[in-house]
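Peer 1: Structure file run18.cif (mmCIF, C-alpha atoms and all ligand atoms) right here:
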```cif
data_target
loop_
_atom_site.group_PDB
_atom_site.id
_atom_site.type_symbol
_atom_site.label_atom_id
_atom_site.label_comp_id
_atom_site.auth_asym_id
_atom_site.auth_seq_id
_atom_site.Cartn_x
_atom_site.Cartn_y
_atom_site.Cartn_z
ATOM 1 C CA MET A 1 -28.592 -10.062 -228.498
ATOM 2 C CA ASN A 2 -27.768 -6.399 -229.087
ATOM 3 C CA ILE A 3 -27.428 -6.076 -232.862
ATOM 4 C CA ASN A 4 -25.764 -2.674 -232.453
ATOM 5 C CA ALA A 5 -22.946 -4.021 -230.284
ATOM 6 C CA PRO A 6 -19.545 -3.592 -231.948
ATOM 7 C CA PRO A 7 -18.042 -6.856 -233.234
ATOM 8 C CA LYS A 8 -15.765 -8.665 -230.853
ATOM 9 C CA ARG A 9 -12.098 -8.675 -231.627
ATOM 10 C CA ILE A 10 -9.534 -11.452 -231.496
ATOM 11 C CA GLY A 11 -5.804 -10.710 -231.538
ATOM 12 C CA ILE A 12 -3.392 -12.968 -233.363
ATOM 13 C CA MET A 13 0.291 -12.893 -232.538
ATOM 14 C CA GLY A 14 2.139 -14.804 -235.233
ATOM 15 C CA GLY A 15 5.830 -15.545 -234.991
ATOM 16 C CA THR A 16 8.596 -18.083 -235.121
ATOM 17 C CA PHE A 17 9.122 -17.700 -231.362
ATOM 18 C CA ASP A 18 12.563 -19.280 -231.508
ATOM 19 C CA PRO A 19 12.465 -18.595 -228.566
ATOM 20 C CA LEU A 20 9.546 -16.502 -227.278
ATOM 21 C CA HIS A 21 10.748 -13.462 -225.253
ATOM 22 C CA TYR A 22 9.415 -10.416 -223.409
ATOM 23 C CA GLY A 23 9.347 -8.311 -226.607
ATOM 24 C CA HIS A 24 6.557 -10.614 -227.888
ATOM 25 C CA LEU A 25 4.636 -10.644 -224.615
ATOM 26 C CA VAL A 26 4.748 -6.882 -224.097
ATOM 27 C CA ALA A 27 3.592 -6.159 -227.676
ATOM 28 C CA ALA A 28 0.698 -8.642 -227.285
ATOM 29 C CA GLU A 29 -0.407 -7.358 -223.885
ATOM 30 C CA MET A 30 -0.277 -3.677 -224.846
ATOM 31 C CA ALA A 31 -2.166 -4.380 -228.089
ATOM 32 C CA ARG A 32 -4.786 -6.393 -226.209
ATOM 33 C CA HIS A 33 -5.514 -3.440 -223.977
ATOM 34 C CA GLU A 34 -5.191 -0.688 -226.593
ATOM 35 C CA PHE A 35 -7.488 -2.376 -229.139
ATOM 36 C CA ALA A 36 -9.901 -3.988 -226.665
ATOM 37 C CA LEU A 37 -9.099 -7.508 -227.859
ATOM 38 C CA GLU A 38 -11.072 -10.288 -226.211
ATOM 39 C CA LYS A 39 -7.934 -12.440 -226.200
ATOM 40 C CA VAL A 40 -4.654 -12.865 -228.039
ATOM 41 C CA ILE A 41 -3.882 -16.187 -229.687
ATOM 42 C CA PHE A 42 -0.206 -16.891 -230.232
ATOM 43 C CA ILE A 43 0.328 -18.945 -233.375
ATOM 44 C CA PRO A 44 3.847 -20.318 -233.777
ATOM 45 C CA THR A 45 4.735 -20.805 -237.444
ATOM 46 C CA GLY A 46 5.277 -24.321 -238.713
ATOM 47 C CA ASN A 47 7.658 -23.928 -241.597
ATOM 48 C CA PRO A 48 8.272 -20.190 -242.015
ATOM 49 C CA PRO A 49 9.017 -19.285 -245.676
ATOM 50 C CA HIS A 50 10.988 -16.140 -244.696
ATOM 51 C CA LYS A 51 13.364 -17.912 -242.308
ATOM 52 C CA VAL A 52 14.912 -20.298 -244.851
ATOM 53 C CA GLY A 53 18.674 -20.363 -244.627
ATOM 54 C CA ARG A 54 18.888 -21.081 -240.935
ATOM 55 C CA ARG A 55 17.830 -24.123 -238.982
ATOM 56 C CA VAL A 56 14.663 -23.308 -237.070
ATOM 57 C CA THR A 57 14.035 -25.168 -233.799
ATOM 58 C CA SER A 58 11.412 -27.937 -234.059
ATOM 59 C CA PRO A 59 7.780 -26.786 -234.035
ATOM 60 C CA GLY A 60 7.189 -28.965 -230.950
ATOM 61 C CA ASP A 61 9.851 -27.163 -228.900
ATOM 62 C CA ARG A 62 8.709 -23.705 -230.054
ATOM 63 C CA TYR A 63 5.063 -24.536 -229.299
ATOM 64 C CA GLU A 64 6.012 -25.777 -225.821
ATOM 65 C CA MET A 65 7.947 -22.587 -225.042
ATOM 66 C CA VAL A 66 4.978 -20.417 -226.050
ATOM 67 C CA LYS A 67 2.594 -22.617 -224.062
ATOM 68 C CA ARG A 68 4.675 -22.188 -220.908
ATOM 69 C CA ALA A 69 5.053 -18.447 -221.433
ATOM 70 C CA VAL A 70 1.361 -17.656 -221.878
ATOM 71 C CA ARG A 71 -0.157 -19.774 -219.155
ATOM 72 C CA ASP A 72 -0.229 -17.090 -216.474
ATOM 73 C CA ASN A 73 -2.230 -14.624 -218.595
ATOM 74 C CA ARG A 74 -5.907 -15.560 -218.884
ATOM 75 C CA PHE A 75 -6.236 -13.463 -222.050
ATOM 76 C CA PHE A 76 -3.487 -15.365 -223.874
ATOM 77 C CA GLU A 77 -3.715 -18.698 -225.706
ATOM 78 C CA VAL A 78 -1.498 -20.719 -227.981
ATOM 79 C CA SER A 79 -2.672 -22.461 -231.152
ATOM 80 C CA ASP A 80 -1.079 -25.356 -233.027
ATOM 81 C CA LEU A 81 -2.934 -24.460 -236.228
ATOM 82 C CA GLU A 82 0.197 -23.603 -238.223
ATOM 83 C CA ILE A 83 2.510 -26.219 -236.833
ATOM 84 C CA LEU A 84 0.052 -28.966 -237.804
ATOM 85 C CA ARG A 85 -0.230 -27.655 -241.371
ATOM 86 C CA GLU A 86 1.854 -29.349 -244.058
ATOM 87 C CA GLY A 87 4.292 -27.231 -246.063
ATOM 88 C CA TYR A 88 5.119 -23.556 -245.620
ATOM 89 C CA SER A 89 3.048 -21.391 -243.259
ATOM 90 C CA TYR A 90 1.302 -18.537 -245.019
ATOM 91 C CA THR A 91 -0.595 -15.915 -243.049
ATOM 92 C CA VAL A 92 -3.370 -15.819 -245.638
ATOM 93 C CA ASP A 93 -4.269 -19.472 -244.835
ATOM 94 C CA THR A 94 -4.119 -18.816 -241.097
ATOM 95 C CA LEU A 95 -6.434 -15.833 -241.376
ATOM 96 C CA LYS A 96 -8.942 -17.888 -243.383
ATOM 97 C CA ASP A 97 -8.833 -20.649 -240.749
ATOM 98 C CA MET A 98 -9.282 -18.105 -237.966
ATOM 99 C CA HIS A 99 -12.338 -16.634 -239.689
ATOM 100 C CA GLU A 100 -13.853 -20.109 -239.773
ATOM 101 C CA LEU A 101 -13.129 -20.624 -236.093
ATOM 102 C CA TYR A 102 -14.336 -17.137 -235.105
ATOM 103 C CA PRO A 103 -16.958 -16.139 -237.691
ATOM 104 C CA GLN A 104 -18.426 -13.386 -235.480
ATOM 105 C CA HIS A 105 -15.133 -11.687 -234.650
ATOM 106 C CA GLU A 106 -12.876 -9.132 -236.276
ATOM 107 C CA LEU A 107 -9.269 -10.242 -236.481
ATOM 108 C CA TYR A 108 -6.339 -8.071 -235.371
ATOM 109 C CA PHE A 109 -2.967 -9.435 -236.411
ATOM 110 C CA ILE A 110 -0.196 -8.080 -234.186
ATOM 111 C CA THR A 111 3.299 -7.593 -235.566
ATOM 112 C CA GLY A 112 6.410 -5.694 -234.593
ATOM 113 C CA ALA A 113 7.396 -2.723 -236.775
ATOM 114 C CA ASP A 114 9.891 -4.914 -238.703
ATOM 115 C CA ALA A 115 7.286 -7.497 -239.719
ATOM 116 C CA PHE A 116 4.706 -4.765 -240.397
ATOM 117 C CA ARG A 117 7.012 -3.278 -243.060
ATOM 118 C CA GLU A 118 7.227 -6.681 -244.758
ATOM 119 C CA ILE A 119 3.509 -7.239 -245.227
ATOM 120 C CA PHE A 120 3.689 -6.306 -248.942
ATOM 121 C CA THR A 121 5.943 -9.299 -249.521
ATOM 122 C CA TRP A 122 3.423 -11.726 -248.052
ATOM 123 C CA ARG A 123 1.630 -14.150 -250.307
ATOM 124 C CA GLU A 124 -1.783 -12.907 -251.572
ATOM 125 C CA VAL A 125 -1.279 -9.531 -249.938
ATOM 126 C CA GLN A 126 -4.626 -8.222 -251.192
ATOM 127 C CA SER A 127 -6.514 -11.036 -249.419
ATOM 128 C CA VAL A 128 -4.313 -10.742 -246.346
ATOM 129 C CA LEU A 129 -5.172 -7.053 -246.002
ATOM 130 C CA SER A 130 -8.867 -7.667 -246.483
ATOM 131 C CA LEU A 131 -9.068 -10.484 -243.917
ATOM 132 C CA SER A 132 -7.668 -8.718 -240.876
ATOM 133 C CA HIS A 133 -6.664 -5.513 -239.195
ATOM 134 C CA PHE A 134 -2.913 -5.126 -238.656
ATOM 135 C CA ILE A 135 -1.253 -3.662 -235.610
ATOM 136 C CA GLY A 136 2.365 -2.545 -235.974
ATOM 137 C CA ALA A 137 3.943 -2.281 -232.531
ATOM 138 C CA SER A 138 7.016 -0.055 -232.289
ATOM 139 C CA ARG A 139 10.296 -1.953 -232.118
ATOM 140 C CA PRO A 140 13.715 -0.367 -231.530
ATOM 141 C CA GLY A 141 15.590 0.089 -234.814
ATOM 142 C CA PHE A 142 12.596 -0.248 -237.157
ATOM 143 C CA ASP A 143 10.564 2.587 -238.604
ATOM 144 C CA PRO A 144 7.282 1.500 -240.193
ATOM 145 C CA HIS A 145 6.338 4.936 -241.575
ATOM 146 C CA GLU A 146 7.846 4.356 -245.006
ATOM 147 C CA PHE A 147 5.592 1.330 -245.305
ATOM 148 C CA LEU A 148 2.579 3.477 -244.455
ATOM 149 C CA GLU A 149 3.512 5.866 -247.281
ATOM 150 C CA GLU A 150 3.634 2.934 -249.727
ATOM 151 C CA LEU A 151 0.340 1.705 -248.424
ATOM 152 C CA LYS A 152 -1.266 5.118 -248.905
ATOM 153 C CA ARG A 153 -0.069 5.075 -252.505
ATOM 154 C CA ASP A 154 -0.777 1.440 -253.479
ATOM 155 C CA TYR A 155 -3.599 0.205 -251.243
ATOM 156 C CA PRO A 156 -5.360 3.295 -249.839
ATOM 157 C CA GLU A 157 -8.550 1.302 -249.299
ATOM 158 C CA PHE A 158 -6.798 -0.706 -246.561
ATOM 159 C CA LEU A 159 -5.468 2.250 -244.565
ATOM 160 C CA PRO A 160 -8.298 2.042 -242.014
ATOM 161 C CA HIS A 161 -7.154 -1.532 -241.309
ATOM 162 C CA MET A 162 -3.604 -0.554 -240.440
ATOM 163 C CA HIS A 163 -2.707 0.668 -236.960
ATOM 164 C CA LEU A 164 0.635 1.789 -235.582
ATOM 165 C CA PHE A 165 1.116 2.094 -231.879
ATOM 166 C CA ASP A 166 3.898 2.592 -229.363
ATOM 167 C CA VAL A 167 4.887 -0.036 -226.858
ATOM 168 C CA PRO A 168 7.649 0.302 -224.245
ATOM 169 C CA ALA A 169 10.879 -0.242 -226.161
ATOM 170 C CA LEU A 170 12.528 -3.605 -225.584
ATOM 171 C CA ALA A 171 15.575 -4.232 -227.743
ATOM 172 C CA ILE A 172 15.232 -7.990 -227.359
ATOM 173 C CA SER A 173 15.318 -10.450 -230.262
ATOM 174 C CA SER A 174 15.273 -14.227 -230.560
ATOM 175 C CA THR A 175 18.447 -14.002 -232.669
ATOM 176 C CA ASP A 176 20.286 -12.307 -229.816
ATOM 177 C CA ILE A 177 18.995 -14.836 -227.285
ATOM 178 C CA ARG A 178 20.152 -17.766 -229.461
ATOM 179 C CA SER A 179 23.638 -16.257 -229.807
ATOM 180 C CA ARG A 180 23.836 -15.570 -226.099
ATOM 181 C CA VAL A 181 23.053 -19.198 -225.272
ATOM 182 C CA LYS A 182 25.635 -20.351 -227.798
ATOM 183 C CA GLU A 183 28.269 -18.050 -226.296
ATOM 184 C CA GLY A 184 27.400 -18.968 -222.709
ATOM 185 C CA LYS A 185 26.125 -15.461 -221.894
ATOM 186 C CA PRO A 186 23.135 -14.851 -219.581
ATOM 187 C CA ILE A 187 19.594 -14.667 -220.934
ATOM 188 C CA ARG A 188 17.764 -14.370 -217.619
ATOM 189 C CA TYR A 189 15.264 -11.440 -217.548
ATOM 190 C CA LEU A 190 15.058 -11.275 -221.357
ATOM 191 C CA LEU A 191 12.366 -13.937 -221.401
ATOM 192 C CA PRO A 192 10.076 -15.726 -218.921
ATOM 193 C CA GLU A 193 11.871 -18.005 -216.508
ATOM 194 C CA SER A 194 9.735 -20.961 -217.653
ATOM 195 C CA VAL A 195 11.093 -20.512 -221.193
ATOM 196 C CA ARG A 196 14.670 -20.132 -219.996
ATOM 197 C CA LEU A 197 14.339 -23.393 -218.043
ATOM 198 C CA TYR A 198 12.874 -25.163 -221.085
ATOM 199 C CA ILE A 199 15.853 -24.033 -223.174
ATOM 200 C CA GLU A 200 18.152 -25.544 -220.545
ATOM 201 C CA GLU A 201 16.187 -28.797 -220.217
ATOM 202 C CA ALA A 202 15.885 -29.346 -223.957
ATOM 203 C CA ASP A 203 19.460 -28.184 -224.507
ATOM 204 C CA LEU A 204 18.478 -25.718 -227.240
ATOM 205 C CA TYR A 205 20.767 -23.288 -229.089
ATOM 206 C CA ARG A 206 24.057 -24.522 -227.701
ATOM 207 C CA ALA A 207 25.254 -26.385 -230.796
HETATM 208 P P1 LIG B 1 14.420 -13.434 -234.872
HETATM 209 O O1 LIG B 1 15.429 -12.606 -234.121
HETATM 210 O O2 LIG B 1 14.696 -14.911 -234.855
HETATM 211 O O3 LIG B 1 14.146 -12.908 -236.265
HETATM 212 P P2 LIG B 1 12.221 -12.103 -233.446
HETATM 213 O O4 LIG B 1 12.787 -11.720 -232.128
HETATM 214 O O5 LIG B 1 12.037 -11.018 -234.468
HETATM 215 O O6 LIG B 1 13.038 -13.333 -234.068
HETATM 216 P P3 LIG B 1 9.745 -13.429 -234.190
HETATM 217 O O7 LIG B 1 9.244 -14.686 -233.574
HETATM 218 O O8 LIG B 1 10.276 -13.477 -235.556
HETATM 219 O O9 LIG B 1 10.850 -12.836 -233.154
HETATM 220 O O10 LIG B 1 8.672 -12.272 -234.040
HETATM 221 C C1 LIG B 1 7.279 -12.463 -233.967
HETATM 222 C C2 LIG B 1 6.620 -11.082 -233.972
HETATM 223 O O11 LIG B 1 6.980 -10.364 -232.794
HETATM 224 C C3 LIG B 1 7.061 -10.211 -235.160
HETATM 225 O O12 LIG B 1 5.948 -9.494 -235.628
HETATM 226 C C4 LIG B 1 8.081 -9.284 -234.534
HETATM 227 O O13 LIG B 1 8.165 -8.066 -235.222
HETATM 228 C C5 LIG B 1 7.512 -9.089 -233.133
HETATM 229 N N1 LIG B 1 8.570 -8.759 -232.174
HETATM 230 C C6 LIG B 1 9.632 -9.519 -231.853
HETATM 231 N N2 LIG B 1 10.414 -8.912 -230.939
HETATM 232 C C7 LIG B 1 9.834 -7.712 -230.666
HETATM 233 C C8 LIG B 1 10.187 -6.601 -229.793
HETATM 234 N N3 LIG B 1 11.293 -6.629 -229.064
HETATM 235 N N4 LIG B 1 9.350 -5.548 -229.772
HETATM 236 C C9 LIG B 1 8.224 -5.512 -230.562
HETATM 237 N N5 LIG B 1 7.849 -6.521 -231.391
HETATM 238 C C10 LIG B 1 8.632 -7.606 -231.451
#
```
Represent the structure of the file as structure tokens.
Peer 2:
Amino acid sequence: MNINAPPKRIGIMGGTFDPLHYGHLVAAEMARHEFALEKVIFIPTGNPPHKVGRRVTSPGDRYEMVKRAVRDNRFFEVSDLEILREGYSYTVDTLKDMHELYPQHELYFITGADAFREIFTWREVQSVLSLSHFIGASRPGFDPHEFLEELKRDYPEFLPHMHLFDVPALAISSTDIRSRVKEGKPIRYLLPESVRLYIEEADLYRA
């Protein structure tokens, strides 16, 4: 073993994925390449604390959609770690579990610019920041730079863990896809065909 070899890196793409769409896949793929990640593990949230107030599709359906979407990329995987956990899903617990599963790896948690700006509101933010690197992928309509200023002021020691990078802009959101289905508008080409077919089969988002 070469003890001077840089540590291997695992990417984590957390999200509600209700449903998964090309915005998620493009951010994950570009981050994988840019940060030399060995693979990216998609972790659908079980019970997301920040999405209270609207009915989130069952974890089983969301997991299945991610599974179908990632199967043609050998660098992508899906994990049921959060959906099997009781209670709310907190990133701090997921990062601890991932360190147990991958003790030799550095973790890189991938978010869009909107989620990146919210990191301060996450439970046990100090631990969260110390457990992983964070990648903020650009997302139309969201500017993460203000967050970086706050970070510089309040947690300067974590700046080397925080990375912003540009991905091709895709103004796609799960919210928009859900409304489109409800209104009978097309969603083809906003998300993988396998996910679109699952939405049809399972009759999601119409009610
Ligand atoms: P919703 O519209 O229901 O809030 P969403 O489209 O934001 O959902 P999530 O599952 O909440 O999707 O997002 C998971 C992660 O993917 C978040 O970090 C989010 O910022 C990022 N993300 C989602 N869509 C895009 C996009 N179009 N470009 C870049 N990042 C994205």
Peer 1: I'd like to know which of A:Glu106, A:Asp80, A:Asp176, A:Glu149 is closest to Arg9 of chain A, using all atoms listed in the file.
Peer 2: A:Glu106
Peer 1: Would you list the residues that come within 9 Å of ligand LIG 1 (chain B)? Count all atoms listed in the file and give the answer as number ranges by chain.
Peer 2: A: 13-28, 44-45, 51, 56, 109-116, 136-140, 167-178
Peer 1: Atom CA of Ser58 of chain A and atom CA of Tyr102 of chain A, how far apart in Å?
Peer 2: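 That distance, rounded to one decimal, is 27.9 Å.
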Peer 1: Hey, could you pull the box centre and edge lengths for segment 126-142 of chain A, axis-aligned, 8 Å padding per side, all listed atoms, to one decimal in Å, as AutoDock Vina command-line options?
Peer 2:
```
--center_x 3.3 --center_y -5.5 --center_z -241.4 --size_x 40.7 --size_y 27.1 --size_z 35.7
```
Peer 1: Pick out the closest residue to Pro7 of chain A from this set: A:Met65, A:Ile83, A:Leu107, A:Ile41. Count only C-alpha atoms.
Peer 2: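 When distances to Pro7 of chain A are compared using only C-alpha atoms, the smallest one comes from A:Leu107.
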Peer 1: So, counting all atoms listed in the file, which residue among A:Arg153, A:Arg55, A:Val66, A:Met98 is closest to Tyr198 of chain A?
Peer 2: A:Val66
Peer 1: So how many Å separate atom CA of His99 of chain A and atom CA of Leu129 of chain A, to one decimal?
Peer 2: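 A separation of 13.5 Å between them.
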Peer 1: Between A:Arg32, A:Phe42, A:Pro103, A:Asp143, which is the closest to Arg71 of chain A once you count only C-alpha atoms?
Peer 2: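 Of A:Arg32, A:Phe42, A:Pro103, A:Asp143, the one nearest Arg71 of chain A, counting only C-alpha atoms, is A:Phe42.
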Peer 1: I'd like to know which of A:Phe165, A:Ser127, A:Glu64, A:Arg85 is closest to His33 of chain A, using all atoms listed in the file.
Peer 2: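 Residue with the minimum atom-to-atom distance to His33 of chain A: A:Phe165.
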Peer 1: What does the structure give for the distance between atom CA of Leu151 of chain A and atom CA of Asp97 of chain A, in Å to one decimal?
Peer 2: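 Atom-to-atom, atom CA of Leu151 of chain A and atom CA of Asp97 of chain A are spaced 25.4 Å apart.
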Peer 1: Can you turn the PyMOL selection byres (((chain A and resi 39) around 8) and not hetatm) into a concrete residue list for this file, as an MDAnalysis selection string?
Peer 2: chainID A and resid 9:11 32 37:38 40:41 75:77
Peer 1: Pick from A:Leu204, A:Leu197, A:Tyr108, A:His133: nearest to Arg180 of chain A, with only C-alpha atoms counted?
Peer 2: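 Closest to Arg180 of chain A of all the choices is A:Leu204.
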Peer 1: Would you kindly translate the PyMOL selection byres (((chain A and resi 188) around 12) and not hetatm) into the concrete residues it picks from this file, as a PDB file with C-alpha atoms, in the frame of the given file?
Peer 2:
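Just written: out_19.pdb:
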```pdb
ATOM      1  CA  HIS A  21      10.748 -13.462-225.253  1.00  0.00           C
ATOM      2  CA  TYR A  22       9.415 -10.416-223.409  1.00  0.00           C
ATOM      3  CA  ILE A 172      15.232  -7.990-227.359  1.00  0.00           C
ATOM      4  CA  ILE A 177      18.995 -14.836-227.285  1.00  0.00           C
ATOM      5  CA  ARG A 180      23.836 -15.570-226.099  1.00  0.00           C
ATOM      6  CA  VAL A 181      23.053 -19.198-225.272  1.00  0.00           C
ATOM      7  CA  GLY A 184      27.400 -18.968-222.709  1.00  0.00           C
ATOM      8  CA  LYS A 185      26.125 -15.461-221.894  1.00  0.00           C
ATOM      9  CA  PRO A 186      23.135 -14.851-219.581  1.00  0.00           C
ATOM     10  CA  ILE A 187      19.594 -14.667-220.934  1.00  0.00           C
ATOM     11  CA  TYR A 189      15.264 -11.440-217.548  1.00  0.00           C
ATOM     12  CA  LEU A 190      15.058 -11.275-221.357  1.00  0.00           C
ATOM     13  CA  LEU A 191      12.366 -13.937-221.401  1.00  0.00           C
ATOM     14  CA  PRO A 192      10.076 -15.726-218.921  1.00  0.00           C
ATOM     15  CA  GLU A 193      11.871 -18.005-216.508  1.00  0.00           C
ATOM     16  CA  SER A 194       9.735 -20.961-217.653  1.00  0.00           C
ATOM     17  CA  VAL A 195      11.093 -20.512-221.193  1.00  0.00           C
ATOM     18  CA  ARG A 196      14.670 -20.132-219.996  1.00  0.00           C
ATOM     19  CA  LEU A 197      14.339 -23.393-218.043  1.00  0.00           C
ATOM     20  CA  ILE A 199      15.853 -24.033-223.174  1.00  0.00           C
ATOM     21  CA  GLU A 200      18.152 -25.544-220.545  1.00  0.00           C
TER      22      GLU A 200
END
```
